file upload_0.cif (mmCIF, N, CA and C atoms)
data_structure
loop_
_atom_site.label_atom_id
_atom_site.label_comp_id
_atom_site.auth_asym_id
_atom_site.auth_seq_id
_atom_site.Cartn_x
_atom_site.Cartn_y
_atom_site.Cartn_z
N MET I 1 -56.84 -60.94 -7.24
CA MET I 1 -56.44 -59.95 -6.25
C MET I 1 -56.88 -58.56 -6.68
N THR I 2 -56.81 -58.26 -7.97
CA THR I 2 -57.20 -56.94 -8.47
C THR I 2 -58.68 -56.69 -8.21
N GLU I 3 -59.51 -57.72 -8.40
CA GLU I 3 -60.95 -57.58 -8.18
C GLU I 3 -61.23 -57.23 -6.72
N GLU I 4 -60.57 -57.89 -5.79
CA GLU I 4 -60.75 -57.59 -4.37
C GLU I 4 -60.33 -56.16 -4.06
N ARG I 5 -59.23 -55.74 -4.64
CA ARG I 5 -58.76 -54.37 -4.43
C ARG I 5 -59.77 -53.37 -4.95
N ASP I 6 -60.29 -53.63 -6.16
CA ASP I 6 -61.26 -52.72 -6.77
C ASP I 6 -62.53 -52.63 -5.93
N VAL I 7 -63.02 -53.78 -5.48
CA VAL I 7 -64.23 -53.80 -4.65
C VAL I 7 -63.98 -53.05 -3.34
N GLY I 8 -62.85 -53.30 -2.73
CA GLY I 8 -62.51 -52.61 -1.48
C GLY I 8 -62.40 -51.11 -1.67
N LEU I 9 -61.82 -50.71 -2.79
CA LEU I 9 -61.67 -49.29 -3.08
C LEU I 9 -63.04 -48.62 -3.27
N VAL I 10 -63.92 -49.28 -4.02
CA VAL I 10 -65.26 -48.72 -4.23
C VAL I 10 -66.01 -48.63 -2.91
N ILE I 11 -65.91 -49.64 -2.08
CA ILE I 11 -66.58 -49.61 -0.77
C ILE I 11 -66.02 -48.46 0.07
N SER I 12 -64.73 -48.26 0.03
CA SER I 12 -64.11 -47.15 0.77
C SER I 12 -64.60 -45.80 0.25
N ILE I 13 -64.70 -45.66 -1.06
CA ILE I 13 -65.16 -44.40 -1.65
C ILE I 13 -66.61 -44.13 -1.27
N ILE I 14 -67.45 -45.16 -1.30
CA ILE I 14 -68.85 -44.99 -0.91
C ILE I 14 -68.95 -44.57 0.56
N GLY I 15 -68.17 -45.22 1.41
CA GLY I 15 -68.16 -44.84 2.83
C GLY I 15 -67.67 -43.42 3.03
N LEU I 16 -66.63 -43.05 2.31
CA LEU I 16 -66.10 -41.69 2.40
C LEU I 16 -67.13 -40.68 1.92
N SER I 17 -67.81 -41.00 0.83
CA SER I 17 -68.84 -40.11 0.30
C SER I 17 -69.94 -39.87 1.34
N GLY I 18 -70.35 -40.93 2.01
CA GLY I 18 -71.37 -40.79 3.05
C GLY I 18 -70.90 -39.91 4.19
N SER I 19 -69.66 -40.10 4.61
CA SER I 19 -69.10 -39.28 5.70
C SER I 19 -68.99 -37.81 5.29
N ILE I 20 -68.56 -37.58 4.07
CA ILE I 20 -68.44 -36.20 3.57
C ILE I 20 -69.82 -35.55 3.52
N GLN I 21 -70.80 -36.26 2.98
CA GLN I 21 -72.15 -35.70 2.90
C GLN I 21 -72.72 -35.40 4.28
N LYS I 22 -72.43 -36.26 5.23
CA LYS I 22 -72.92 -36.03 6.60
C LYS I 22 -72.31 -34.76 7.18
N ARG I 23 -71.00 -34.58 7.02
CA ARG I 23 -70.33 -33.38 7.54
C ARG I 23 -70.83 -32.12 6.85
N LEU I 24 -70.90 -32.17 5.54
CA LEU I 24 -71.35 -31.00 4.79
C LEU I 24 -72.82 -30.70 5.08
N GLY I 25 -73.62 -31.75 5.20
CA GLY I 25 -75.03 -31.57 5.53
C GLY I 25 -75.22 -30.90 6.87
N SER I 26 -74.40 -31.28 7.82
CA SER I 26 -74.46 -30.65 9.15
C SER I 26 -74.12 -29.17 9.06
N ALA I 27 -73.11 -28.84 8.28
CA ALA I 27 -72.71 -27.43 8.12
C ALA I 27 -73.79 -26.63 7.40
N LEU I 28 -74.49 -27.25 6.46
CA LEU I 28 -75.50 -26.55 5.68
C LEU I 28 -76.85 -26.46 6.38
N SER I 29 -77.08 -27.31 7.37
CA SER I 29 -78.39 -27.35 8.02
C SER I 29 -78.77 -26.02 8.66
N VAL I 30 -77.80 -25.24 9.09
CA VAL I 30 -78.11 -23.93 9.69
C VAL I 30 -78.70 -22.97 8.65
N HIS I 31 -78.54 -23.29 7.38
CA HIS I 31 -79.09 -22.46 6.31
C HIS I 31 -80.42 -23.02 5.78
N GLY I 32 -80.87 -24.14 6.37
CA GLY I 32 -82.14 -24.72 5.98
C GLY I 32 -82.10 -25.55 4.71
N ILE I 33 -80.90 -25.95 4.30
CA ILE I 33 -80.76 -26.77 3.09
C ILE I 33 -79.82 -27.94 3.37
N GLY I 34 -79.89 -28.92 2.48
CA GLY I 34 -78.98 -30.05 2.54
C GLY I 34 -77.97 -29.99 1.40
N VAL I 35 -77.18 -31.02 1.29
CA VAL I 35 -76.11 -31.05 0.28
C VAL I 35 -76.68 -30.99 -1.14
N THR I 36 -77.72 -31.75 -1.42
CA THR I 36 -78.26 -31.78 -2.78
C THR I 36 -78.87 -30.43 -3.15
N GLU I 37 -79.57 -29.81 -2.21
CA GLU I 37 -80.11 -28.47 -2.47
C GLU I 37 -78.97 -27.48 -2.73
N TYR I 38 -77.89 -27.60 -1.96
CA TYR I 38 -76.74 -26.73 -2.18
C TYR I 38 -76.18 -26.93 -3.59
N LEU I 39 -76.07 -28.19 -4.02
CA LEU I 39 -75.55 -28.47 -5.36
C LEU I 39 -76.43 -27.84 -6.44
N VAL I 40 -77.75 -27.89 -6.25
CA VAL I 40 -78.67 -27.26 -7.20
C VAL I 40 -78.44 -25.75 -7.22
N LEU I 41 -78.39 -25.13 -6.04
CA LEU I 41 -78.17 -23.68 -5.97
C LEU I 41 -76.83 -23.31 -6.59
N ASN I 42 -75.82 -24.13 -6.36
CA ASN I 42 -74.49 -23.88 -6.93
C ASN I 42 -74.53 -23.92 -8.46
N GLN I 43 -75.19 -24.94 -9.01
CA GLN I 43 -75.27 -25.05 -10.47
C GLN I 43 -76.01 -23.86 -11.07
N LEU I 44 -77.10 -23.44 -10.44
CA LEU I 44 -77.84 -22.29 -10.94
C LEU I 44 -77.02 -21.01 -10.80
N HIS I 45 -76.34 -20.88 -9.68
CA HIS I 45 -75.53 -19.68 -9.43
C HIS I 45 -74.39 -19.55 -10.44
N THR I 46 -73.80 -20.67 -10.82
CA THR I 46 -72.65 -20.62 -11.73
C THR I 46 -73.04 -20.63 -13.21
N SER I 47 -74.32 -20.88 -13.51
CA SER I 47 -74.74 -20.83 -14.91
C SER I 47 -74.85 -19.36 -15.33
N PRO I 48 -74.47 -19.05 -16.57
CA PRO I 48 -74.44 -17.65 -17.01
C PRO I 48 -75.76 -16.90 -16.80
N ALA I 49 -76.89 -17.54 -17.09
CA ALA I 49 -78.19 -16.87 -16.96
C ALA I 49 -78.85 -17.15 -15.62
N LYS I 50 -78.15 -17.87 -14.73
CA LYS I 50 -78.72 -18.28 -13.43
C LYS I 50 -79.97 -19.13 -13.64
N THR I 51 -80.04 -19.80 -14.79
CA THR I 51 -81.20 -20.58 -15.19
C THR I 51 -80.72 -21.82 -15.95
N LEU I 52 -81.38 -22.95 -15.70
CA LEU I 52 -81.06 -24.18 -16.42
C LEU I 52 -82.35 -24.94 -16.72
N GLN I 53 -82.32 -25.75 -17.77
CA GLN I 53 -83.41 -26.68 -18.02
C GLN I 53 -83.39 -27.74 -16.93
N ARG I 54 -84.56 -28.25 -16.58
CA ARG I 54 -84.63 -29.29 -15.54
C ARG I 54 -83.73 -30.48 -15.87
N SER I 55 -83.78 -30.93 -17.11
CA SER I 55 -82.99 -32.11 -17.50
C SER I 55 -81.50 -31.82 -17.38
N GLU I 56 -81.10 -30.63 -17.74
CA GLU I 56 -79.70 -30.22 -17.64
C GLU I 56 -79.27 -30.17 -16.17
N LEU I 57 -80.12 -29.60 -15.34
CA LEU I 57 -79.84 -29.50 -13.91
C LEU I 57 -79.75 -30.89 -13.29
N ALA I 58 -80.66 -31.77 -13.67
CA ALA I 58 -80.64 -33.15 -13.15
C ALA I 58 -79.31 -33.82 -13.47
N ALA I 59 -78.86 -33.70 -14.71
CA ALA I 59 -77.60 -34.32 -15.12
C ALA I 59 -76.42 -33.74 -14.34
N LYS I 60 -76.43 -32.44 -14.12
CA LYS I 60 -75.31 -31.79 -13.44
C LYS I 60 -75.19 -32.18 -11.97
N VAL I 61 -76.33 -32.49 -11.32
CA VAL I 61 -76.26 -32.86 -9.90
C VAL I 61 -76.43 -34.36 -9.68
N GLY I 62 -76.52 -35.13 -10.78
CA GLY I 62 -76.55 -36.58 -10.67
C GLY I 62 -77.89 -37.15 -10.24
N LEU I 63 -78.98 -36.50 -10.66
CA LEU I 63 -80.32 -37.00 -10.35
C LEU I 63 -81.05 -37.38 -11.63
N THR I 64 -82.09 -38.18 -11.47
CA THR I 64 -82.96 -38.50 -12.60
C THR I 64 -83.90 -37.31 -12.82
N PRO I 65 -84.55 -37.25 -13.97
CA PRO I 65 -85.52 -36.17 -14.18
C PRO I 65 -86.62 -36.14 -13.11
N SER I 66 -87.12 -37.31 -12.71
CA SER I 66 -88.15 -37.32 -11.65
C SER I 66 -87.55 -36.93 -10.30
N GLY I 67 -86.30 -37.31 -10.08
CA GLY I 67 -85.62 -36.94 -8.83
C GLY I 67 -85.43 -35.44 -8.71
N ILE I 68 -85.10 -34.78 -9.82
CA ILE I 68 -84.91 -33.32 -9.76
C ILE I 68 -86.25 -32.63 -9.53
N THR I 69 -87.32 -33.18 -10.10
CA THR I 69 -88.65 -32.60 -9.87
C THR I 69 -89.03 -32.71 -8.40
N ARG I 70 -88.77 -33.87 -7.79
CA ARG I 70 -89.08 -34.04 -6.36
C ARG I 70 -88.25 -33.11 -5.49
N LEU I 71 -87.07 -32.75 -5.94
CA LEU I 71 -86.21 -31.83 -5.19
C LEU I 71 -86.60 -30.38 -5.42
N ILE I 72 -86.89 -30.03 -6.66
CA ILE I 72 -87.18 -28.64 -7.03
C ILE I 72 -88.50 -28.15 -6.45
N ASN I 73 -89.53 -28.99 -6.42
CA ASN I 73 -90.83 -28.53 -5.94
C ASN I 73 -90.77 -27.95 -4.53
N PRO I 74 -90.18 -28.64 -3.55
CA PRO I 74 -90.07 -28.02 -2.22
C PRO I 74 -89.16 -26.78 -2.20
N MET I 75 -88.13 -26.79 -3.04
CA MET I 75 -87.25 -25.62 -3.11
C MET I 75 -88.00 -24.41 -3.65
N GLU I 76 -88.93 -24.67 -4.56
CA GLU I 76 -89.75 -23.58 -5.09
C GLU I 76 -90.67 -23.04 -3.99
N LYS I 77 -91.26 -23.94 -3.22
CA LYS I 77 -92.13 -23.51 -2.12
C LYS I 77 -91.37 -22.72 -1.07
N MET I 78 -90.09 -23.04 -0.89
CA MET I 78 -89.23 -22.31 0.06
C MET I 78 -88.79 -20.96 -0.52
N GLY I 79 -89.04 -20.75 -1.80
CA GLY I 79 -88.66 -19.50 -2.45
C GLY I 79 -87.22 -19.46 -2.93
N LEU I 80 -86.55 -20.62 -2.98
CA LEU I 80 -85.15 -20.66 -3.40
C LEU I 80 -84.97 -20.65 -4.91
N VAL I 81 -85.94 -21.24 -5.60
CA VAL I 81 -85.89 -21.30 -7.06
C VAL I 81 -87.26 -20.92 -7.61
N GLU I 82 -87.27 -20.60 -8.88
CA GLU I 82 -88.52 -20.26 -9.57
C GLU I 82 -88.58 -21.03 -10.87
N LYS I 83 -89.79 -21.42 -11.25
CA LYS I 83 -89.98 -22.04 -12.56
C LYS I 83 -90.22 -20.93 -13.56
N GLU I 84 -89.61 -21.08 -14.72
CA GLU I 84 -89.79 -20.09 -15.79
C GLU I 84 -90.14 -20.82 -17.08
N GLU I 85 -90.86 -20.12 -17.93
CA GLU I 85 -91.16 -20.68 -19.25
C GLU I 85 -89.93 -20.52 -20.13
N ASN I 86 -89.74 -21.50 -20.97
CA ASN I 86 -88.63 -21.46 -21.92
C ASN I 86 -89.11 -20.73 -23.18
N PRO I 87 -88.53 -19.57 -23.49
CA PRO I 87 -88.99 -18.84 -24.67
C PRO I 87 -88.73 -19.58 -25.98
N ARG I 88 -87.80 -20.51 -25.98
CA ARG I 88 -87.47 -21.25 -27.21
C ARG I 88 -88.31 -22.50 -27.39
N ASP I 89 -88.77 -23.08 -26.26
CA ASP I 89 -89.53 -24.33 -26.34
C ASP I 89 -90.47 -24.41 -25.15
N ALA I 90 -91.76 -24.22 -25.38
CA ALA I 90 -92.75 -24.19 -24.30
C ALA I 90 -92.87 -25.53 -23.58
N ARG I 91 -92.41 -26.60 -24.22
CA ARG I 91 -92.49 -27.92 -23.58
C ARG I 91 -91.41 -28.13 -22.53
N VAL I 92 -90.38 -27.30 -22.56
CA VAL I 92 -89.22 -27.47 -21.67
C VAL I 92 -89.23 -26.34 -20.64
N SER I 93 -89.43 -26.70 -19.36
CA SER I 93 -89.44 -25.66 -18.33
C SER I 93 -88.02 -25.39 -17.83
N LEU I 94 -87.85 -24.19 -17.35
CA LEU I 94 -86.56 -23.77 -16.82
C LEU I 94 -86.65 -23.60 -15.31
N VAL I 95 -85.53 -23.77 -14.64
CA VAL I 95 -85.43 -23.52 -13.21
C VAL I 95 -84.47 -22.35 -13.05
N ALA I 96 -84.90 -21.34 -12.30
CA ALA I 96 -84.09 -20.14 -12.12
C ALA I 96 -83.80 -19.93 -10.64
N LEU I 97 -82.66 -19.37 -10.36
CA LEU I 97 -82.28 -19.01 -8.99
C LEU I 97 -83.03 -17.73 -8.62
N SER I 98 -83.77 -17.77 -7.51
CA SER I 98 -84.50 -16.58 -7.05
C SER I 98 -83.55 -15.69 -6.25
N ALA I 99 -84.00 -14.49 -5.94
CA ALA I 99 -83.19 -13.59 -5.12
C ALA I 99 -82.94 -14.21 -3.74
N ALA I 100 -83.97 -14.83 -3.17
CA ALA I 100 -83.81 -15.49 -1.87
C ALA I 100 -82.85 -16.67 -1.98
N GLY I 101 -82.94 -17.41 -3.08
CA GLY I 101 -82.04 -18.53 -3.31
C GLY I 101 -80.60 -18.08 -3.44
N ARG I 102 -80.40 -16.95 -4.09
CA ARG I 102 -79.05 -16.39 -4.24
C ARG I 102 -78.47 -16.04 -2.87
N GLN I 103 -79.30 -15.44 -2.01
CA GLN I 103 -78.83 -15.06 -0.68
C GLN I 103 -78.51 -16.29 0.17
N VAL I 104 -79.39 -17.29 0.14
CA VAL I 104 -79.14 -18.53 0.88
C VAL I 104 -77.86 -19.18 0.37
N PHE I 105 -77.69 -19.23 -0.95
CA PHE I 105 -76.48 -19.83 -1.51
C PHE I 105 -75.24 -19.09 -1.05
N GLU I 106 -75.25 -17.77 -1.12
CA GLU I 106 -74.07 -17.00 -0.73
C GLU I 106 -73.72 -17.21 0.74
N ASP I 107 -74.74 -17.30 1.60
CA ASP I 107 -74.50 -17.57 3.02
C ASP I 107 -73.99 -19.00 3.22
N ALA I 108 -74.64 -19.95 2.54
CA ALA I 108 -74.27 -21.36 2.68
C ALA I 108 -72.90 -21.66 2.10
N GLN I 109 -72.51 -20.89 1.09
CA GLN I 109 -71.22 -21.10 0.44
C GLN I 109 -70.07 -20.96 1.43
N VAL I 110 -70.19 -20.04 2.37
CA VAL I 110 -69.16 -19.84 3.39
C VAL I 110 -69.06 -21.08 4.28
N SER I 111 -70.20 -21.57 4.75
CA SER I 111 -70.22 -22.77 5.60
C SER I 111 -69.70 -23.98 4.85
N PHE I 112 -70.11 -24.11 3.59
CA PHE I 112 -69.68 -25.24 2.76
C PHE I 112 -68.17 -25.22 2.59
N ALA I 113 -67.62 -24.05 2.27
CA ALA I 113 -66.17 -23.93 2.05
C ALA I 113 -65.39 -24.24 3.32
N GLN I 114 -65.88 -23.78 4.46
CA GLN I 114 -65.20 -24.07 5.73
C GLN I 114 -65.22 -25.56 6.03
N ALA I 115 -66.38 -26.19 5.85
CA ALA I 115 -66.50 -27.63 6.12
C ALA I 115 -65.66 -28.43 5.13
N ALA I 116 -65.65 -28.02 3.87
CA ALA I 116 -64.84 -28.72 2.86
C ALA I 116 -63.36 -28.59 3.18
N GLY I 117 -62.94 -27.42 3.59
CA GLY I 117 -61.54 -27.21 3.95
C GLY I 117 -61.11 -28.07 5.12
N ALA I 118 -62.01 -28.23 6.09
CA ALA I 118 -61.69 -29.04 7.26
C ALA I 118 -61.51 -30.52 6.90
N LEU I 119 -62.17 -30.96 5.84
CA LEU I 119 -62.05 -32.36 5.42
C LEU I 119 -60.64 -32.71 4.97
N PHE I 120 -59.94 -31.73 4.42
CA PHE I 120 -58.64 -32.00 3.81
C PHE I 120 -57.49 -31.28 4.49
N GLU I 121 -57.70 -30.82 5.71
CA GLU I 121 -56.67 -30.02 6.37
C GLU I 121 -55.38 -30.79 6.66
N ARG I 122 -55.44 -32.10 6.68
CA ARG I 122 -54.23 -32.90 6.94
C ARG I 122 -53.38 -33.13 5.70
N LEU I 123 -53.92 -32.77 4.55
CA LEU I 123 -53.19 -32.99 3.30
C LEU I 123 -52.48 -31.71 2.89
N ASP I 124 -51.28 -31.87 2.33
CA ASP I 124 -50.57 -30.69 1.83
C ASP I 124 -50.98 -30.44 0.37
N ALA I 125 -50.51 -29.34 -0.19
CA ALA I 125 -50.92 -28.93 -1.54
C ALA I 125 -50.62 -30.00 -2.60
N PRO I 126 -49.42 -30.60 -2.63
CA PRO I 126 -49.18 -31.64 -3.65
C PRO I 126 -50.12 -32.85 -3.50
N GLN I 127 -50.43 -33.23 -2.26
CA GLN I 127 -51.35 -34.35 -2.05
C GLN I 127 -52.75 -33.99 -2.55
N LEU I 128 -53.19 -32.77 -2.25
CA LEU I 128 -54.51 -32.32 -2.71
C LEU I 128 -54.57 -32.27 -4.23
N ASP I 129 -53.51 -31.79 -4.85
CA ASP I 129 -53.47 -31.74 -6.32
C ASP I 129 -53.53 -33.14 -6.92
N ALA I 130 -52.77 -34.07 -6.34
CA ALA I 130 -52.76 -35.45 -6.83
C ALA I 130 -54.13 -36.10 -6.65
N LEU I 131 -54.74 -35.90 -5.49
CA LEU I 131 -56.06 -36.47 -5.22
C LEU I 131 -57.09 -35.90 -6.20
N SER I 132 -57.06 -34.61 -6.40
CA SER I 132 -57.98 -33.96 -7.33
C SER I 132 -57.81 -34.50 -8.74
N GLU I 133 -56.58 -34.65 -9.17
CA GLU I 133 -56.29 -35.17 -10.51
C GLU I 133 -56.80 -36.60 -10.68
N LEU I 134 -56.56 -37.44 -9.68
CA LEU I 134 -57.02 -38.83 -9.74
C LEU I 134 -58.54 -38.91 -9.78
N LEU I 135 -59.21 -38.15 -8.92
CA LEU I 135 -60.67 -38.19 -8.89
C LEU I 135 -61.27 -37.68 -10.20
N GLN I 136 -60.70 -36.64 -10.76
CA GLN I 136 -61.19 -36.12 -12.04
C GLN I 136 -60.98 -37.14 -13.16
N SER I 137 -59.88 -37.85 -13.12
CA SER I 137 -59.60 -38.88 -14.12
C SER I 137 -60.63 -40.01 -14.04
N VAL I 138 -60.91 -40.47 -12.84
CA VAL I 138 -61.91 -41.53 -12.66
C VAL I 138 -63.28 -41.03 -13.10
N ALA I 139 -63.63 -39.80 -12.72
CA ALA I 139 -64.93 -39.24 -13.09
C ALA I 139 -65.09 -39.15 -14.61
N ARG I 140 -64.05 -38.74 -15.30
CA ARG I 140 -64.09 -38.66 -16.77
C ARG I 140 -64.33 -40.04 -17.39
N ASP I 141 -63.68 -41.05 -16.84
CA ASP I 141 -63.82 -42.41 -17.37
C ASP I 141 -65.21 -42.98 -17.14
N ILE I 142 -65.85 -42.58 -16.05
CA ILE I 142 -67.18 -43.10 -15.72
C ILE I 142 -68.24 -42.47 -16.61
N ARG I 143 -68.07 -41.22 -16.94
CA ARG I 143 -69.09 -40.51 -17.74
C ARG I 143 -69.09 -41.05 -19.10
#

call {"tool": "encode", "arguments": {"input": "upload_0.cif", "output": "structure tokens"}}
result
Amino acid sequence: MTEERDVGLVISIIGLSGSIQKRLGSALSVHGIGVTEYLVLNQLHTSPAKTLQRSELAAKVGLTPSGITRLINPMEKMGLVEKEENPRDARVSLVALSAAGRQVFEDAQVSFAQAAGALFERLDAPQLDALSELLQSVARDIR
């Protein structure tokens, strides 16, 4: 019975994840980006130097190194990010948030926050706290 419950729970989480991404993607589309691009901009925006190594960025947004390259190249052409040389190691390239990327992120952040808030409007503060705690616990165990 536990196995059936676990499988059902995982299927529910995957379905929920898809629905959340669809809603957030719709909200972000007016800014010309999708959810994954938003996550990249968010990681760069929150990093102290507004710059990360590609491998570090890939890990933070849950992509493979080749996946982050496929995502970053079009973002660079759009002017959202810039490639920089790593002064410590020429073999390791850095991805930096451009001025245009910062502006798109700041605009998109408002839409993202509104859409995220709408997802949980039926839950009260204790429920949100409990859900957040449970999800963080599962995430820690998976990593």

call {"tool": "residues_around", "arguments": {"input": "upload_0.cif", "residues": "Leu39 in chain I", "least_positions_apart": "6", "cutoff": "8 Å", "atoms": "all atoms listed in the file", "output": "ChimeraX atom specification"}}
result
/I:45,60-61

call {"tool": "write_last_selection", "arguments": {"input": "upload_0.cif", "atoms": "N, CA and C atoms", "output": "PDB file, keeping the file's coordinate frame"}}
result
ATOM      1  N   HIS I  45     -76.340 -20.880  -9.680  1.00  0.00           N
ATOM      2  CA  HIS I  45     -75.530 -19.680  -9.430  1.00  0.00           C
ATOM      3  C   HIS I  45     -74.390 -19.550 -10.440  1.00  0.00           C
ATOM      4  N   LYS I  60     -76.430 -32.440 -14.120  1.00  0.00           N
ATOM      5  CA  LYS I  60     -75.310 -31.790 -13.440  1.00  0.00           C
ATOM      6  C   LYS I  60     -75.190 -32.180 -11.970  1.00  0.00           C
ATOM      7  N   VAL I  61     -76.330 -32.490 -11.320  1.00  0.00           N
ATOM      8  CA  VAL I  61     -76.260 -32.860  -9.900  1.00  0.00           C
ATOM      9  C   VAL I  61     -76.430 -34.360  -9.680  1.00  0.00           C
TER      10      VAL I  61
END

call {"tool": "atom_distance", "arguments": {"input": "upload_0.cif", "atom1": "atom N of Val35 in chain I", "atom2": "CA of Ser47 in chain I"}}
result
19.3 Å

call {"tool": "atom_distance", "arguments": {"input": "upload_0.cif", "atom1": "CA of Lys83 in chain I", "atom2": "atom C of Val95 in chain I"}}
result
5.5 Å

call {"tool": "closest_residue", "arguments": {"input": "upload_0.cif", "among": "I:Leu57, I:Leu24, I:Gly18, I:Gln114", "to": "Leu44 in chain I", "atoms": "only C-alpha atoms"}}
result
I:Leu57

call {"tool": "atom_distance", "arguments": {"input": "upload_0.cif", "atom1": "CA of Glu121 in chain I", "atom2": "CA of Ile20 in chain I"}}
result
13.6 Å

call {"tool": "axis_aligned_box", "arguments": {"input": "upload_0.cif", "around": "range 111-121 of chain I", "padding_each_side": "4 Å", "output": "AutoDock Vina command-line options"}}
result
--center_x -62.8 --center_y -27.1 --center_z 4.7 --size_x 22.8 --size_y 19.1 --size_z 13.2

call {"tool": "closest_residue", "arguments": {"input": "upload_0.cif", "among": "I:Glu37, I:Phe112, I:Val92, I:Ser26", "to": "Met75 in chain I", "atoms": "only N, CA and C atoms"}}
result
I:Glu37

call {"tool": "resolve_selection", "arguments": {"input": "upload_0.cif", "expression": "the PyMOL selection byres ((chain I and resi 96) around 6.5)", "output": "ChimeraX atom specification"}}
result
/I:44,50-52,80-84,94-95,97-98

call {"tool": "select_by_dssp", "arguments": {"input": "upload_0.cif", "residues": "chain I", "states": "alpha helix (DSSP H)", "output": "PyMOL selection string"}}
result
chain I and resi 2-28+35-46+54-61+65-77+99-119+125-142
